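Asks: mmCIF, C-alpha atoms and all ligand atoms, saved as data24.cif, coming up:
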```
data_start
#
loop_
_atom_site.label_atom_id
_atom_site.label_comp_id
_atom_site.auth_asym_id
_atom_site.auth_seq_id
_atom_site.Cartn_x
_atom_site.Cartn_y
_atom_site.Cartn_z
CA MET A 1 -13.78 26.65 -16.14
CA LEU A 2 -11.21 23.99 -15.36
CA ALA A 3 -10.20 22.78 -11.92
CA VAL A 4 -7.20 20.48 -11.54
CA HIS A 5 -7.62 18.40 -8.39
CA PHE A 6 -4.82 16.23 -6.97
CA GLY A 7 -6.12 13.08 -5.24
CA ALA A 8 -9.19 11.33 -6.66
CA GLY A 9 -9.74 9.58 -3.32
CA ASN A 10 -12.55 9.82 -0.79
CA ILE A 11 -12.53 13.53 -0.01
CA GLY A 12 -11.40 14.44 -3.53
CA ARG A 13 -14.34 12.77 -5.28
CA GLY A 14 -16.78 12.88 -2.35
CA PHE A 15 -16.43 16.50 -1.32
CA ILE A 16 -14.19 18.79 -3.38
CA GLY A 17 -15.25 17.17 -6.67
CA GLN A 18 -18.94 17.54 -5.84
CA LEU A 19 -18.70 21.22 -4.88
CA LEU A 20 -16.50 22.16 -7.83
CA HIS A 21 -18.84 20.36 -10.23
CA GLN A 22 -21.87 22.14 -8.78
CA ALA A 23 -20.00 25.45 -9.22
CA GLY A 24 -19.65 24.73 -12.95
CA TYR A 25 -16.04 23.50 -13.13
CA LYS A 26 -14.83 20.73 -15.40
CA ILE A 27 -12.58 18.65 -13.17
CA CYS A 28 -9.31 17.04 -14.14
CA PHE A 29 -8.32 14.68 -11.31
CA VAL A 30 -4.64 13.79 -10.90
CA ASP A 31 -3.85 10.55 -9.07
CA VAL A 32 -1.23 7.81 -8.76
CA SER A 33 -3.80 5.02 -9.06
CA ASP A 34 -3.91 3.56 -12.60
CA GLU A 35 -7.24 1.92 -11.79
CA LEU A 36 -8.93 5.14 -10.62
CA VAL A 37 -7.56 7.21 -13.50
CA ALA A 38 -8.63 4.65 -16.12
CA GLU A 39 -12.12 4.31 -14.63
CA ILE A 40 -12.67 8.08 -14.42
CA ASN A 41 -11.59 8.51 -18.05
CA ARG A 42 -13.77 5.60 -19.20
CA ARG A 43 -16.96 6.92 -17.56
CA GLN A 44 -16.27 10.64 -17.13
CA GLU A 45 -18.82 10.74 -14.34
CA TYR A 46 -19.41 9.21 -10.90
CA THR A 47 -21.97 9.19 -8.09
CA VAL A 48 -21.85 10.78 -4.65
CA SER A 49 -24.48 9.49 -2.22
CA LEU A 50 -25.40 10.91 1.16
CA ALA A 51 -25.21 8.68 4.23
CA SER A 52 -28.69 9.48 5.55
CA GLU A 53 -32.15 7.96 5.51
CA GLU A 54 -32.98 9.59 2.16
CA LYS A 55 -29.73 8.36 0.53
CA THR A 56 -29.82 11.30 -1.91
CA THR A 57 -27.45 10.87 -4.86
CA PHE A 58 -25.62 13.37 -7.07
CA THR A 59 -24.04 12.64 -10.44
CA ILE A 60 -20.75 14.41 -11.01
CA HIS A 61 -20.21 14.89 -14.76
CA ASN A 62 -17.45 16.39 -16.87
CA VAL A 63 -14.59 14.66 -15.08
CA THR A 64 -11.37 13.34 -16.56
CA ALA A 65 -8.14 12.19 -14.95
CA LEU A 66 -4.38 12.14 -15.43
CA LEU A 67 -1.70 10.02 -13.82
CA SER A 68 0.59 12.17 -11.71
CA LYS A 69 3.63 10.60 -13.41
CA ASP A 70 2.36 12.03 -16.73
CA GLU A 71 4.10 15.27 -15.75
CA GLU A 72 3.94 17.08 -19.08
CA ALA A 73 0.16 16.65 -19.35
CA VAL A 74 -0.39 17.59 -15.69
CA ALA A 75 1.74 20.74 -16.05
CA GLU A 76 -0.18 21.67 -19.22
CA ALA A 77 -3.48 21.25 -17.35
CA ILE A 78 -2.24 23.47 -14.51
CA ALA A 79 -1.05 26.05 -17.02
CA SER A 80 -4.61 26.44 -18.34
CA ALA A 81 -6.56 25.82 -15.09
CA ASP A 82 -8.80 28.28 -13.26
CA LEU A 83 -8.26 26.59 -9.91
CA VAL A 84 -5.98 23.91 -8.42
CA THR A 85 -6.99 21.94 -5.33
CA THR A 86 -5.49 18.97 -3.48
CA ALA A 87 -6.67 16.23 -1.12
CA VAL A 88 -3.78 13.78 -1.12
CA GLY A 89 -2.71 13.75 2.55
CA PRO A 90 -0.25 16.13 4.28
CA ASN A 91 2.74 13.83 3.73
CA ILE A 92 2.16 13.73 -0.05
CA LEU A 93 2.25 17.50 -0.66
CA LYS A 94 6.02 17.48 -1.17
CA PHE A 95 5.67 14.85 -3.92
CA ILE A 96 3.09 16.77 -5.98
CA ALA A 97 4.91 20.11 -5.57
CA PRO A 98 7.43 19.68 -8.45
CA VAL A 99 4.74 19.12 -11.08
CA ILE A 100 2.71 22.05 -9.73
CA ALA A 101 5.89 24.15 -10.07
CA LYS A 102 6.22 22.96 -13.68
CA GLY A 103 2.67 24.10 -14.41
CA ILE A 104 3.39 27.46 -12.76
CA GLN A 105 6.52 27.91 -14.90
CA LYS A 106 4.45 27.31 -18.05
CA ARG A 107 1.79 29.70 -16.83
CA ILE A 108 4.28 32.44 -16.05
CA LYS A 109 5.87 32.05 -19.51
CA ALA A 110 2.46 32.33 -21.14
CA GLU A 111 1.60 35.32 -18.90
CA GLY A 112 -1.53 33.51 -17.77
CA LYS A 113 -3.99 35.04 -15.33
CA ALA A 114 -3.80 34.67 -11.56
CA LEU A 115 -4.37 31.19 -10.15
CA ASN A 116 -5.15 29.88 -6.68
CA VAL A 117 -3.90 26.58 -5.30
CA ILE A 118 -5.89 25.32 -2.30
CA ALA A 119 -4.65 22.36 -0.26
CA CYS A 120 -7.68 20.67 1.33
CA GLU A 121 -5.80 18.61 3.91
CA ASN A 122 -6.25 18.10 7.64
CA MET A 123 -3.41 20.32 8.74
CA ILE A 124 -2.71 23.87 9.82
CA GLY A 125 -1.31 25.93 6.94
CA GLY A 126 -1.65 23.21 4.27
CA SER A 127 -1.54 25.53 1.24
CA SER A 128 1.33 27.52 2.76
CA ALA A 129 3.27 24.27 3.26
CA LEU A 130 2.56 23.31 -0.36
CA LYS A 131 3.75 26.75 -1.47
CA SER A 132 7.10 26.23 0.31
CA PHE A 133 7.57 22.87 -1.45
CA VAL A 134 6.58 24.36 -4.82
CA TYR A 135 9.01 27.28 -4.38
CA GLU A 136 11.87 24.77 -3.88
CA SER A 137 11.43 23.95 -7.59
CA LEU A 138 11.31 27.57 -8.80
CA ASN A 139 14.30 29.87 -9.30
CA GLU A 140 14.44 33.29 -7.66
CA GLU A 141 12.94 35.14 -10.63
CA GLU A 142 10.12 32.59 -11.00
CA GLN A 143 9.40 32.84 -7.28
CA LYS A 144 9.10 36.63 -7.59
CA GLN A 145 6.65 36.31 -10.45
CA ALA A 146 4.72 33.50 -8.78
CA THR A 147 4.26 35.67 -5.68
CA LEU A 148 2.32 38.13 -7.86
CA VAL A 149 0.03 35.67 -9.66
CA ILE A 150 -0.19 32.37 -7.76
CA GLY A 151 -2.16 32.40 -4.49
CA PHE A 152 -1.95 29.61 -1.93
CA PRO A 153 -4.94 30.27 0.34
CA ASP A 154 -5.02 28.05 3.42
CA ALA A 155 -8.23 26.12 4.05
CA ALA A 156 -10.13 23.99 6.54
CA VAL A 157 -12.26 21.17 5.13
CA ASP A 158 -14.78 19.11 7.02
CA ARG A 159 -16.84 16.18 5.78
CA ILE A 160 -16.57 12.60 7.04
CA VAL A 161 -15.89 10.29 4.11
CA PRO A 162 -15.12 6.72 5.23
CA LEU A 163 -13.33 4.04 3.22
CA GLN A 164 -15.58 2.99 0.33
CA LYS A 165 -16.73 -0.57 -0.28
CA HIS A 166 -18.86 -0.57 -3.43
CA ASP A 167 -18.77 -2.67 -6.60
CA ASP A 168 -18.75 0.66 -8.43
CA LYS A 169 -15.13 1.81 -7.94
CA LEU A 170 -16.01 5.50 -8.26
CA TRP A 171 -19.13 5.60 -6.08
CA VAL A 172 -18.54 7.52 -2.89
CA THR A 173 -20.82 7.71 0.13
CA VAL A 174 -20.35 10.78 2.31
CA GLU A 175 -21.99 12.28 5.38
CA PRO A 176 -24.50 15.05 4.54
CA PHE A 177 -22.62 17.72 6.56
CA TYR A 178 -19.77 19.72 5.02
CA GLU A 179 -17.77 22.84 5.71
CA TRP A 180 -15.02 24.39 3.53
CA VAL A 181 -13.45 27.56 4.90
CA VAL A 182 -10.81 29.44 2.89
CA ASN A 183 -8.56 32.35 3.83
CA GLN A 184 -9.64 35.08 1.40
CA SER A 185 -6.71 37.34 2.32
CA GLN A 186 -4.37 34.85 0.59
CA VAL A 187 -6.46 34.66 -2.63
CA LEU A 188 -4.90 36.28 -5.70
CA GLY A 189 -7.03 37.58 -8.59
CA ALA A 190 -10.73 36.73 -8.85
CA VAL A 191 -12.12 34.97 -5.80
CA PRO A 192 -13.26 31.45 -6.90
CA GLN A 193 -17.05 31.38 -6.75
CA VAL A 194 -17.90 28.01 -5.27
CA GLU A 195 -21.13 27.60 -3.36
CA GLY A 196 -20.17 25.93 -0.10
CA ILE A 197 -16.87 27.78 0.36
CA THR A 198 -16.94 30.26 3.23
CA TYR A 199 -14.29 32.95 2.84
CA VAL A 200 -12.78 34.43 5.99
CA SER A 201 -10.01 36.96 6.56
CA ASP A 202 -8.36 34.98 9.37
CA LEU A 203 -8.42 31.19 9.12
CA GLY A 204 -6.57 30.55 12.41
CA PRO A 205 -9.63 30.16 14.67
CA PHE A 206 -11.52 28.08 12.08
CA ILE A 207 -8.77 25.56 11.36
CA GLU A 208 -7.97 25.13 15.06
CA ARG A 209 -11.65 24.76 15.93
CA LYS A 210 -12.05 22.10 13.23
CA LEU A 211 -8.81 20.19 13.80
CA PHE A 212 -8.94 20.37 17.63
CA THR A 213 -12.62 19.39 17.85
CA VAL A 214 -13.65 17.18 14.90
CA ASN A 215 -10.27 15.54 14.43
CA THR A 216 -9.20 15.46 18.09
CA GLY A 217 -12.58 13.96 19.02
CA HIS A 218 -12.39 11.53 16.11
CA ALA A 219 -8.87 10.45 17.15
CA ALA A 220 -10.08 9.94 20.74
CA VAL A 221 -12.91 7.65 19.59
CA ALA A 222 -10.58 5.81 17.19
CA TYR A 223 -7.62 5.16 19.52
CA LEU A 224 -9.75 4.34 22.59
CA GLY A 225 -12.10 2.25 20.43
CA TYR A 226 -9.11 0.38 19.02
CA LEU A 227 -7.82 -0.44 22.54
CA LEU A 228 -11.27 -1.79 23.38
CA LYS A 229 -11.33 -3.84 20.16
CA LEU A 230 -14.26 -1.86 18.73
CA GLY A 231 -14.01 -1.81 14.94
CA SER A 232 -15.86 1.31 13.85
CA ILE A 233 -16.43 4.85 15.06
CA ASP A 234 -20.20 4.40 15.45
CA GLN A 235 -19.61 1.25 17.55
CA ALA A 236 -16.90 2.90 19.65
CA ILE A 237 -18.91 6.03 20.45
CA GLN A 238 -21.73 3.82 21.82
CA ASN A 239 -19.30 2.64 24.51
CA SER A 240 -19.90 4.74 27.64
CA TYR A 241 -16.17 4.94 28.55
CA VAL A 242 -15.21 6.08 25.03
CA LEU A 243 -18.05 8.62 24.95
CA ASP A 244 -17.19 9.95 28.41
CA MET A 245 -13.47 10.31 27.62
CA THR A 246 -14.18 11.88 24.21
CA GLU A 247 -16.43 14.46 25.86
CA LYS A 248 -13.68 15.17 28.43
CA VAL A 249 -11.13 15.61 25.61
CA LEU A 250 -13.44 17.97 23.75
CA HIS A 251 -14.00 20.01 26.90
CA GLU A 252 -10.22 20.38 27.29
CA THR A 253 -9.75 21.52 23.69
CA GLY A 254 -12.95 23.57 24.00
CA ALA A 255 -11.59 25.42 27.05
CA LEU A 256 -8.45 26.19 25.05
CA LEU A 257 -10.36 27.35 21.94
CA ILE A 258 -12.70 29.54 23.97
CA ALA A 259 -9.79 31.11 25.90
CA LYS A 260 -7.63 31.61 22.80
CA HIS A 261 -10.16 32.56 20.12
CA HIS A 262 -12.99 33.88 22.31
CA PHE A 263 -15.60 31.55 20.90
CA ASP A 264 -18.96 31.82 22.66
CA SER A 265 -18.98 28.96 25.19
CA LYS A 266 -22.65 28.03 24.59
CA GLN A 267 -22.18 27.93 20.83
CA HIS A 268 -19.00 25.89 21.24
CA GLU A 269 -20.86 23.39 23.41
CA GLU A 270 -23.44 23.05 20.63
CA TYR A 271 -20.61 22.54 18.11
CA ILE A 272 -19.24 19.69 20.29
CA HIS A 273 -22.69 18.05 20.51
CA LYS A 274 -23.17 18.29 16.77
CA ILE A 275 -19.83 16.61 16.15
CA ILE A 276 -20.52 13.76 18.56
CA LYS A 277 -23.85 13.28 16.77
CA ARG A 278 -21.97 13.08 13.44
CA PHE A 279 -19.73 10.34 14.92
CA LYS A 280 -22.91 8.41 15.81
CA ASN A 281 -24.32 8.55 12.25
CA PRO A 282 -25.80 5.03 11.85
CA TYR A 283 -25.57 5.29 8.05
CA ILE A 284 -21.77 5.46 8.13
CA SER A 285 -19.43 2.69 9.15
CA ASP A 286 -16.03 4.33 9.51
CA GLU A 287 -13.23 2.03 10.61
CA VAL A 288 -11.23 3.11 13.69
CA THR A 289 -8.09 2.13 11.75
CA ARG A 290 -8.88 4.73 9.05
CA VAL A 291 -9.53 7.47 11.59
CA GLY A 292 -6.43 6.48 13.59
CA ARG A 293 -4.27 6.10 10.44
CA SER A 294 -0.77 7.62 10.36
CA PRO A 295 -0.23 7.97 14.14
CA ILE A 296 3.22 9.56 13.61
CA ARG A 297 1.50 12.44 11.78
CA LYS A 298 -1.27 12.60 14.38
CA LEU A 299 1.22 12.62 17.29
CA SER A 300 3.37 15.39 15.78
CA ALA A 301 3.76 18.62 17.73
CA LYS A 302 1.28 20.78 15.81
CA ASP A 303 -1.35 18.18 15.05
CA ARG A 304 -4.69 17.40 16.76
CA LEU A 305 -3.37 15.79 19.99
CA VAL A 306 -0.05 17.27 21.09
CA GLY A 307 -0.88 20.65 19.51
CA PRO A 308 -3.85 21.42 21.76
CA ALA A 309 -2.27 19.65 24.77
CA LEU A 310 0.80 21.93 24.66
CA GLN A 311 -1.31 25.02 24.11
CA ALA A 312 -3.72 23.99 26.90
CA LEU A 313 -0.85 24.03 29.38
CA GLU A 314 -0.03 27.61 28.33
CA TYR A 315 -3.61 28.57 29.21
CA GLY A 316 -3.47 26.82 32.59
CA ILE A 317 -5.62 23.89 31.44
CA THR A 318 -4.40 20.40 32.43
CA PRO A 319 -4.70 18.13 29.37
CA SER A 320 -5.43 14.89 31.28
CA ALA A 321 -7.92 13.40 28.83
CA LEU A 322 -5.74 14.49 25.89
CA SER A 323 -2.82 12.67 27.52
CA LEU A 324 -4.93 9.52 27.64
CA VAL A 325 -5.57 9.76 23.89
CA ILE A 326 -1.87 10.44 23.22
CA ALA A 327 -1.04 7.33 25.28
CA ALA A 328 -3.64 5.35 23.34
CA ALA A 329 -2.12 6.58 20.04
CA LEU A 330 1.27 5.33 21.26
CA LEU A 331 -0.38 1.95 21.88
CA PHE A 332 -2.10 1.83 18.46
CA ASP A 333 -0.52 -1.24 16.83
CA SER A 334 -2.70 -1.72 13.75
CA LYS A 335 -0.70 -4.15 11.59
CA ASP A 336 -1.60 -2.56 8.27
CA ASP A 337 -0.40 0.89 9.30
CA PRO A 338 3.32 1.45 8.59
CA GLU A 339 3.49 4.44 10.97
CA ALA A 340 1.94 2.38 13.80
CA ALA A 341 4.48 -0.38 13.13
CA GLU A 342 7.34 2.14 13.21
CA ILE A 343 6.23 3.54 16.59
CA GLN A 344 5.83 0.05 18.08
CA SER A 345 9.27 -1.06 16.96
CA HIS A 346 10.81 2.19 18.26
CA ILE A 347 9.17 1.62 21.64
CA LYS A 348 10.42 -1.99 21.67
CA GLU A 349 13.99 -1.02 20.81
CA ASN A 350 14.39 2.28 22.67
CA GLY A 351 11.69 2.42 25.32
CA ILE A 352 8.58 4.56 25.70
CA GLU A 353 10.44 7.66 26.98
CA ALA A 354 12.52 7.87 23.78
CA ALA A 355 9.40 7.30 21.67
CA ILE A 356 7.46 10.11 23.37
CA GLN A 357 10.35 12.50 22.71
CA LYS A 358 10.83 11.38 19.12
CA TYR A 359 7.22 11.39 17.94
CA THR A 360 5.69 14.22 19.98
CA GLY A 361 8.75 16.46 20.20
CA ILE A 362 7.89 17.06 23.88
CA SER A 363 10.98 17.52 26.05
CA SER A 364 11.34 15.25 29.08
CA ALA A 365 11.35 18.41 31.23
CA SER A 366 7.77 19.29 30.24
CA PRO A 367 4.96 18.42 32.67
CA LEU A 368 3.10 17.02 29.64
CA PHE A 369 5.86 14.45 29.16
CA ALA A 370 5.37 13.13 32.71
CA LEU A 371 1.59 13.11 32.29
CA ILE A 372 1.75 11.11 29.04
CA LEU A 373 4.32 8.68 30.46
CA GLU A 374 2.31 8.04 33.61
CA THR A 375 -0.92 7.58 31.61
CA TYR A 376 0.77 5.28 29.08
CA LYS A 377 2.10 3.02 31.86
CA LYS A 378 -1.29 2.93 33.56
CA VAL A 379 -3.20 2.10 30.34
CA LYS A 380 -0.65 -0.53 29.34
CA SER A 381 -0.95 -2.29 32.69
CA GLN A 382 -4.75 -2.15 32.40
CA ILE A 383 -4.53 -3.76 28.97
CA ASN A 384 -2.21 -6.45 30.34
CA SER A 385 -4.65 -7.21 33.15
CA ALA A 386 -7.58 -6.88 30.69
CA SER A 387 -9.23 -4.27 32.91
CA ILE A 388 -9.72 -1.58 30.28
N1 LIG A 401 -11.87 11.27 4.42
C1 LIG A 401 -12.21 12.27 5.21
O1 LIG A 401 -13.16 12.14 6.00
C2 LIG A 401 -11.47 13.58 5.14
C3 LIG A 401 -12.16 14.74 5.53
C4 LIG A 401 -11.50 15.97 5.52
C5 LIG A 401 -10.18 16.02 5.09
N2 LIG A 401 -9.56 14.88 4.70
C6 LIG A 401 -8.19 15.03 4.24
O2 LIG A 401 -8.16 14.85 2.84
C7 LIG A 401 -6.93 14.25 2.45
C8 LIG A 401 -7.21 12.98 1.67
O3 LIG A 401 -7.90 12.08 2.52
P1 LIG A 401 -8.82 10.92 1.91
O4 LIG A 401 -9.58 10.37 3.06
O5 LIG A 401 -9.55 11.39 0.73
O6 LIG A 401 -7.68 9.87 1.49
P2 LIG A 401 -7.69 8.88 0.25
O7 LIG A 401 -6.59 7.93 0.50
O8 LIG A 401 -9.07 8.35 0.01
O9 LIG A 401 -7.33 9.82 -1.00
C9 LIG A 401 -6.04 10.26 -1.29
C10 LIG A 401 -5.82 10.10 -2.78
O10 LIG A 401 -4.57 10.68 -3.11
C11 LIG A 401 -3.95 9.87 -4.08
N3 LIG A 401 -2.52 10.13 -4.12
C12 LIG A 401 -1.52 9.64 -3.35
N4 LIG A 401 -0.33 10.09 -3.77
C13 LIG A 401 -0.57 10.91 -4.82
C14 LIG A 401 0.25 11.68 -5.69
N5 LIG A 401 1.58 11.69 -5.55
N6 LIG A 401 -0.34 12.38 -6.69
C15 LIG A 401 -1.70 12.36 -6.84
N7 LIG A 401 -2.52 11.65 -6.05
C16 LIG A 401 -1.97 10.93 -5.05
C17 LIG A 401 -4.30 8.44 -3.64
O11 LIG A 401 -4.14 7.49 -4.68
C18 LIG A 401 -5.76 8.64 -3.23
O12 LIG A 401 -6.64 8.42 -4.32
C19 LIG A 401 -6.14 14.05 3.75
O13 LIG A 401 -5.33 15.15 4.00
C20 LIG A 401 -7.25 14.00 4.78
O14 LIG A 401 -6.81 14.33 6.05
C21 LIG A 401 -10.17 13.66 4.72
O1 LIG A 402 -7.79 12.33 7.53
P1 LIG A 402 -6.95 12.21 8.78
O2 LIG A 402 -6.13 10.98 8.82
O3 LIG A 402 -6.20 13.46 9.08
O4 LIG A 402 -8.00 12.10 9.99
C1 LIG A 402 -8.93 11.05 10.03
C2 LIG A 402 -10.33 11.59 10.23
O5 LIG A 402 -10.41 12.21 11.49
C3 LIG A 402 -10.68 12.62 9.14
O6 LIG A 402 -10.49 12.11 7.86
C4 LIG A 402 -12.14 13.09 9.30
O7 LIG A 402 -13.01 12.12 8.81
C5 LIG A 402 -12.36 14.41 8.58
O8 LIG A 402 -11.36 15.33 8.90
C6 LIG A 402 -13.71 15.00 8.84
O9 LIG A 402 -13.77 16.27 8.29
#
```
For this file, produce the structure as C-alpha cells.

Replies:
Amino acid sequence: MLAVHFGAGNIGRGFIGQLLHQAGYKICFVDVSDELVAEINRRQEYTVSLASEEKTTFTIHNVTALLSKDEEAVAEAIASADLVTTAVGPNILKFIAPVIAKGIQKRIKAEGKALNVIACENMIGGSSALKSFVYESLNEEEQKQATLVIGFPDAAVDRIVPLQKHDDKLWVTVEPFYEWVVNQSQVLGAVPQVEGITYVSDLGPFIERKLFTVNTGHAAVAYLGYLLKLGSIDQAIQNSYVLDMTEKVLHETGALLIAKHHFDSKQHEEYIHKIIKRFKNPYISDEVTRVGRSPIRKLSAKDRLVGPALQALEYGITPSALSLVIAAALLFDSKDDPEAAEIQSHIKENGIEAAIQKYTGISSASPLFALILETYKKVKSQINSASI
C-alpha cells in the first residue's frame, strides 16, 4: 500500500507518517525542502521519539520523498497511491492542489480505484477546502468523474509536535498523546484501515472541540506568554496570570461547545484539564512563537479565536477572556513572523480600529468589536507602564 503525504515537517513525520507506517503503508513524502527530501531518500527511515520519561522511540521504515516541483513524478505517485494525506499548513493547500489534480487526471484516465485525500491541517473543513482548490484545475467532465472516485474526508488531528532541534535532521520528538478523527461519510471506496484513526459520521463537534479547546488554549498561552516575555509554552503556563486567563478562555469556549454540541459538562471539564496538563509537559519545550505563528490566520473569522468569540455571543456568552487573547494576538510582534509584521505595520499606518476590521472581519457595529478595542487599549497601556 502506498500513501503519498504532502509536508515532511513536524506533524507529517511525527504523527501522520508514524500512524501510516504502523498501518503497513509505504510512504512517499512530498516537500519543498531539498534538504529534507534528499535526507529521506538517502536513509529511507527516521526516528520518532516520545516526549515522556520513558523516551520510547519508533523507527519509521519504507519512506521515500519527492520534491513538489517534480510534478510529473508526484502526479504519477498520486495516480498509483492508496491514500493521499497532507500536513503543509492551511495557506499552502492552494499551492499543492494543481499537482494533486494532475494525479487525479492520470488516475481517472487509467480508471484507477477510489482514492481518499485527507488534509490534516488545523482548520475547519480542510479537505473540503483542498477539494475546491483541486477542482479549479479540473474541467467539468473531470470534476464529474472525480466526484465518483475521489473522496476528500475532513479530519481533525491532534498531537503537539514542537520545532525540532536535533543533529539528526529527520528525528522528531512528539508528545505521547494523539487523536485523528475523520469524517467517514465523506470517504469513497474502501475505508482506510489505520489504527489510530477514529471514524465519525459528523466531524463538526470534534473539529470544533479540538480547535476551540486545544488550539484556542494554546493560542492563549502563546500570546499572553509572549506579552510577558516567556519563551515557551511550559514556562508560560506556569505563570499564574497566564494559567488563570487560559482557564477562563477555555471555560468560555467550553460553555459554547456544551451549548452547541451538547457535550457532557463534566467530561468537557476533564478534557480541559487534560489539555492544560499536556501544555505543562516538562519533556517538551514548545516556543510561544511557533504556537502563535501566523496571527493573520489565527485571527481570521472562522479560526480558533474570533470563531468561538462570535459564536459565543450568539449563545449569550460574553467572550471577555477570548477578547483578551484576540487583543494579545494583535500585539504579537514577533520579528521573524511575516504575518505579525504585516499586522503591526497595518496598525501603525491605519490604526487599531482598521486592523481589527481587516484581520478579524468583525464589523465596527458588533459588540465584540468594542470589547476587543477596549481590551487592546487597556493591555497596550499596561505594557507601556510595564504593569502586565
Ligand atoms: N505541529 C503540531 O503540533 C501540529 C499538530 C496538529 C496539526 N498541525 C498542523 O499540521 C500542519 C503542518 O504543521 P507542522 O507543525 O508540521 O509544520 P511544519 O512547518 O513542520 O511542516 C510543514 C511542511 O510542509 C512543507 N511544505 C511547505 N510548502 C509545501 C509545498 N508547496 N509542497 C509540499 N510541502 C510543503 C514544509 O517544507 C514543511 O516541511 C499545519 O496545518 C498545522 O496546523 C500541527
Ligand atoms: O499549527 P497551528 O499554527 O495552527 O497552531 C499551533 C499549535 O497550536 C498547534 O500546532 C498544536 O500544537 C496542535 O494543533 C496540537 O494538536

Asks: Could you build a table of the residues in chain A lying no more than 7 Å from ligand LIG 401 (chain A), giving for each the nearest pair of atoms and their separation in Å rounded to one decimal place, using only C-alpha atoms and all ligand atoms, ordered by chain and ascending residue number, as a Markdown table?

Replies:
```
| residue | atom | partner | partner_atom | distance |
| --- | --- | --- | --- | --- |
| A:Phe6 | CA | A:LIG401 | C15 | 5.0 |
| A:Gly7 | CA | A:LIG401 | O10 | 3.6 |
| A:Ala8 | CA | A:LIG401 | O12 | 4.5 |
| A:Gly9 | CA | A:LIG401 | O9 | 3.4 |
| A:Asn10 | CA | A:LIG401 | O5 | 3.7 |
| A:Ile11 | CA | A:LIG401 | O5 | 3.7 |
| A:Gly12 | CA | A:LIG401 | O5 | 5.6 |
| A:Val30 | CA | A:LIG401 | C15 | 5.2 |
| A:Asp31 | CA | A:LIG401 | N7 | 3.5 |
| A:Val32 | CA | A:LIG401 | N7 | 4.9 |
| A:Ser33 | CA | A:LIG401 | O11 | 5.0 |
| A:Ser68 | CA | A:LIG401 | N6 | 5.1 |
| A:Ala87 | CA | A:LIG401 | C7 | 4.1 |
| A:Val88 | CA | A:LIG401 | O10 | 3.8 |
| A:Gly89 | CA | A:LIG401 | O13 | 3.3 |
| A:Pro90 | CA | A:LIG401 | O13 | 5.2 |
| A:Ile92 | CA | A:LIG401 | N4 | 5.8 |
| A:Phe95 | CA | A:LIG401 | N5 | 5.4 |
| A:Ile96 | CA | A:LIG401 | N5 | 5.3 |
| A:Cys120 | CA | A:LIG401 | O2 | 6.0 |
| A:Glu121 | CA | A:LIG401 | O13 | 3.5 |
| A:Asn122 | CA | A:LIG401 | O14 | 4.1 |
| A:Val157 | CA | A:LIG401 | C4 | 5.3 |
| A:Asp158 | CA | A:LIG401 | C4 | 4.8 |
| A:Arg159 | CA | A:LIG401 | C3 | 4.9 |
| A:Ile160 | CA | A:LIG401 | O1 | 3.6 |
| A:Val161 | CA | A:LIG401 | O1 | 3.8 |
| A:Pro162 | CA | A:LIG401 | N1 | 5.6 |
| A:Leu163 | CA | A:LIG401 | O8 | 6.9 |
```

Asks: Return the single residue from A:Lys358, A:His218, A:His251, A:Arg278 that is closest to ligand LIG 402 (chain A), with distances computed using all atoms listed in the file.

Replies: A:His218

Asks: Enumerate, in order of chain and increasing residue number, the residues of region 223-258 of chain A with an atom no farther than 9 Å from region 306-323 of chain A, each with its shortest atom pair and distance in Å to one decimal, counting all atoms listed in the file, as a tab-separated table.

Replies:
```
residue	atom	partner	partner_atom	distance
A:Met245	CA	A:Ala321	CA	6.5
A:Thr246	CA	A:Ala321	CA	7.9
A:Lys248	CA	A:Ala321	CA	6.0
A:Val249	CA	A:Ala321	CA	5.1
A:Leu250	CA	A:Leu322	CA	8.7
A:Glu252	CA	A:Pro319	CA	6.3
A:Thr253	CA	A:Pro308	CA	6.2
A:Ala255	CA	A:Ile317	CA	7.6
A:Leu256	CA	A:Ala312	CA	5.5
A:Leu257	CA	A:Pro308	CA	8.8
```

Asks: Please compute the atom C6 of ligand LIG 402 (chain A)-CA of Ser127 (chain A) distance, one decimal, in Å.

Replies: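 Between these atoms lies a distance of 17.8 Å.
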
Asks: Which residue out of A:Glu136, A:Glu353, A:Glu45, A:Asp337 has the minimum interatomic distance to ligand LIG 402 (chain A) when all atoms listed in the file are used?

Replies: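 Comparing A:Glu136, A:Glu353, A:Glu45, A:Asp337 against ligand LIG 402 (chain A), the winner is A:Asp337.
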
Asks: Compare A:Lys298, A:Lys55, A:His346, A:Lys277 by their minimum atom-to-atom distance to ligand LIG 402 (chain A), counting all atoms listed in the file, and give me the closest one.

Replies: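 Using all atoms listed in the file, ligand LIG 402 (chain A) sits closest to A:Lys298.
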
Asks: Of the residues A:Gln267, A:Asn215, A:Ser240, A:Thr360, which is the one nearest to ligand LIG 402 (chain A), using only C-alpha atoms and all ligand atoms?

Replies: A:Asn215

Asks: Using only C-alpha atoms and all ligand atoms for the distances, tell me which of A:Glu35, A:Glu349, A:Glu374, A:Glu287 is nearest to ligand LIG 402 (chain A).

Replies: A:Glu287

Asks: Taking only C-alpha atoms and all ligand atoms into account, name the residue in A:Tyr241, A:Phe206, A:Phe58, A:Tyr178 that is nearest to ligand LIG 402 (chain A).

Replies: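 Ranked by minimum distance to ligand LIG 402 (chain A), first place goes to A:Tyr178.
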
Asks: Quick one: distance from CA of Lys280 (chain A) to CA of Leu243 (chain A) in Å, one decimal?

Replies: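 The value is 10.4 Å.
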
Asks: Just give me the gap between CA of Ala220 (chain A) and CA of Val325 (chain A) in Å, one decimal is fine.

Replies: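 That distance, rounded to one decimal, is 5.5 Å.
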
Asks: Once you count all atoms listed in the file, which residues end up no further than 12 Å from (-23.2, 19.5, 3.7) in the file's frame, shown as a VMD selection string?

Replies: chain A and resid 14 to 16 18 to 19 49 to 52 56 157 to 161 174 to 180 195 to 197 278

Asks: Need to verify the contact set: Arg42 (chain A), 12 Å, only C-alpha atoms, exclusion of same-chain residues closer than 6 positions in sequence. Can you return it as a ChimeraX atom specification?

Replies: /A:35-36,62-65,169-170

Asks: Need to verify the contact set: Ala97 (chain A), 10 Å, only C-alpha atoms, exclusion of same-chain residues closer than 6 positions in sequence. Can you return it as a ChimeraX atom specification?

Replies: /A:103,129-137

Asks: Tell me, as a PyMOL selection string, which residues lie within 12 Å of Thr289 (chain A), counting all atoms listed in the file; anything in the same chain fewer than 4 positions away does not count.

Replies: chain A and resi 162-163+218-219+221-227+229-233+236+285+293-295+329+332-340
